[in-house]
Amino acid sequence: MTDGTGVLGILSSNIKSFRKEKGWTQERLAEKAELSVQAINFFEGKRRWPGEDSISKIANALEIEVYQLFIPQDTTPVLIEETPENERLRSQITGEVVADIRRLLNAALDKCL
């Protein structure tokens, strides 16, 4: 899936897009993520899959969640209606729930990689 439409294409495009949103060069992202410039270049160029550690470092450097690197950015965002039920659910979401969701998403992504 290196045609730009698969998961690797989405990941590569998103790394570059989030980096450019910050006004950073590949060199700056590499410095912030503690990776080599060559690695960032390979990831953005769809020439190499980043490992789990590299993905985590890139997301942390970009100040985003890991899952955001795997969501196509050219889609219309989902808007959640402000209802009493949604407010109630939002208030029940704890850090533990978020950690469980992250763990499950990462396990699912591991199966894809």
# chains A, B, ... in the order shown; residues from 1 in each chain; ligands from 1

call {"tool": "residues_around", "arguments": {"residues": "Ile71 in chain A", "least_positions_apart": "3", "cutoff": "10 Å", "atoms": "only C-alpha atoms", "output": "PyMOL selection string"}}
result
chain A and resi 7+10-11+14+66-68+74-75

call {"tool": "write_last_selection", "arguments": {"atoms": "C-alpha atoms", "output": "CSV table (one decimal), in the first residue's frame"}}
result
chain,number,residue,atom,x,y,z
A,7,VAL,CA,-2.6,3.4,5.6
A,10,ILE,CA,-2.3,8.4,5.1
A,11,LEU,CA,0.4,8.2,7.8
A,14,ASN,CA,-0.4,13.3,8.0
A,66,VAL,CA,-1.1,8.8,17.8
A,67,TYR,CA,-4.4,7.9,16.3
A,68,GLN,CA,-4.6,11.3,14.6
A,74,ASP,CA,-9.1,15.3,3.6
A,75,THR,CA,-12.5,14.2,4.9

call {"tool": "residues_around", "arguments": {"residues": "range 22-25 of chain A", "least_positions_apart": "4", "cutoff": "8 Å", "atoms": "only C-alpha atoms", "output": "PyMOL selection string"}}
result
chain A and resi 18+29+62

call {"tool": "write_last_selection", "arguments": {"atoms": "all heavy atoms", "output": "PDB file, in the first residue's frame"}}
result
ATOM      1  N   PHE A  18       0.867  17.748   9.491  1.00  0.00           N
ATOM      2  CA  PHE A  18       0.964  18.272  10.858  1.00  0.00           C
ATOM      3  C   PHE A  18       2.277  19.036  11.057  1.00  0.00           C
ATOM      4  O   PHE A  18       2.303  20.056  11.754  1.00  0.00           O
ATOM      5  CB  PHE A  18       0.844  17.148  11.889  1.00  0.00           C
ATOM      6  CG  PHE A  18      -0.567  16.666  12.109  1.00  0.00           C
ATOM      7  CD1 PHE A  18      -0.921  15.373  11.769  1.00  0.00           C
ATOM      8  CD2 PHE A  18      -1.531  17.490  12.663  1.00  0.00           C
ATOM      9  CE1 PHE A  18      -2.217  14.909  11.980  1.00  0.00           C
ATOM     10  CE2 PHE A  18      -2.828  17.046  12.873  1.00  0.00           C
ATOM     11  CZ  PHE A  18      -3.179  15.756  12.532  1.00  0.00           C
ATOM     12  N   LEU A  29      11.395  18.778  13.000  1.00  0.00           N
ATOM     13  CA  LEU A  29      10.631  17.642  13.514  1.00  0.00           C
ATOM     14  C   LEU A  29      11.576  16.552  14.003  1.00  0.00           C
ATOM     15  O   LEU A  29      11.363  15.975  15.070  1.00  0.00           O
ATOM     16  CB  LEU A  29       9.668  17.089  12.462  1.00  0.00           C
ATOM     17  CG  LEU A  29       8.891  15.834  12.875  1.00  0.00           C
ATOM     18  CD1 LEU A  29       8.099  16.049  14.156  1.00  0.00           C
ATOM     19  CD2 LEU A  29       7.976  15.391  11.735  1.00  0.00           C
ATOM     20  N   LEU A  62       4.735  16.531  17.715  1.00  0.00           N
ATOM     21  CA  LEU A  62       3.718  17.337  17.044  1.00  0.00           C
ATOM     22  C   LEU A  62       2.574  17.747  17.980  1.00  0.00           C
ATOM     23  O   LEU A  62       1.677  18.476  17.575  1.00  0.00           O
ATOM     24  CB  LEU A  62       3.152  16.571  15.844  1.00  0.00           C
ATOM     25  CG  LEU A  62       4.138  16.319  14.704  1.00  0.00           C
ATOM     26  CD1 LEU A  62       3.550  15.339  13.699  1.00  0.00           C
ATOM     27  CD2 LEU A  62       4.515  17.635  14.023  1.00  0.00           C
TER      28      LEU A  62
END

call {"tool": "residues_around", "arguments": {"residues": "Gly51 in chain A", "least_positions_apart": "3", "cutoff": "12 Å", "atoms": "only C-alpha atoms", "output": "PDB file with C-alpha atoms, in the first residue's frame"}}
result
ATOM      1  CA  LEU A   8       1.088   4.189   4.823  1.00  0.00           C
ATOM      2  CA  LEU A  11       0.403   8.220   7.786  1.00  0.00           C
ATOM      3  CA  LEU A  35      14.925  10.944  15.239  1.00  0.00           C
ATOM      4  CA  ALA A  39      14.050   8.783   9.059  1.00  0.00           C
ATOM      5  CA  ILE A  40      11.545  11.654   8.816  1.00  0.00           C
ATOM      6  CA  PHE A  43       8.441   8.264   6.608  1.00  0.00           C
ATOM      7  CA  ARG A  48       9.681   3.132   5.269  1.00  0.00           C
ATOM      8  CA  SER A  54       9.015   6.412  16.181  1.00  0.00           C
ATOM      9  CA  ILE A  55       5.278   6.968  15.708  1.00  0.00           C
ATOM     10  CA  SER A  56       4.943   7.804  19.396  1.00  0.00           C
ATOM     11  CA  LYS A  57       7.912  10.205  19.275  1.00  0.00           C
ATOM     12  CA  ILE A  58       6.518  11.959  16.187  1.00  0.00           C
ATOM     13  CA  LEU A 109      -3.070  -0.608  14.578  1.00  0.00           C
ATOM     14  CA  ASP A 110      -0.421  -3.196  15.469  1.00  0.00           C
ATOM     15  CA  LEU A 113       1.154  -2.962  10.563  1.00  0.00           C
TER      16      LEU A 113
END

call {"tool": "closest_residue", "arguments": {"among": "A:Ile15, A:Ile80, A:Ala107, A:Ala99", "to": "Lys46 in chain A", "atoms": "only C-alpha atoms"}}
result
A:Ile15
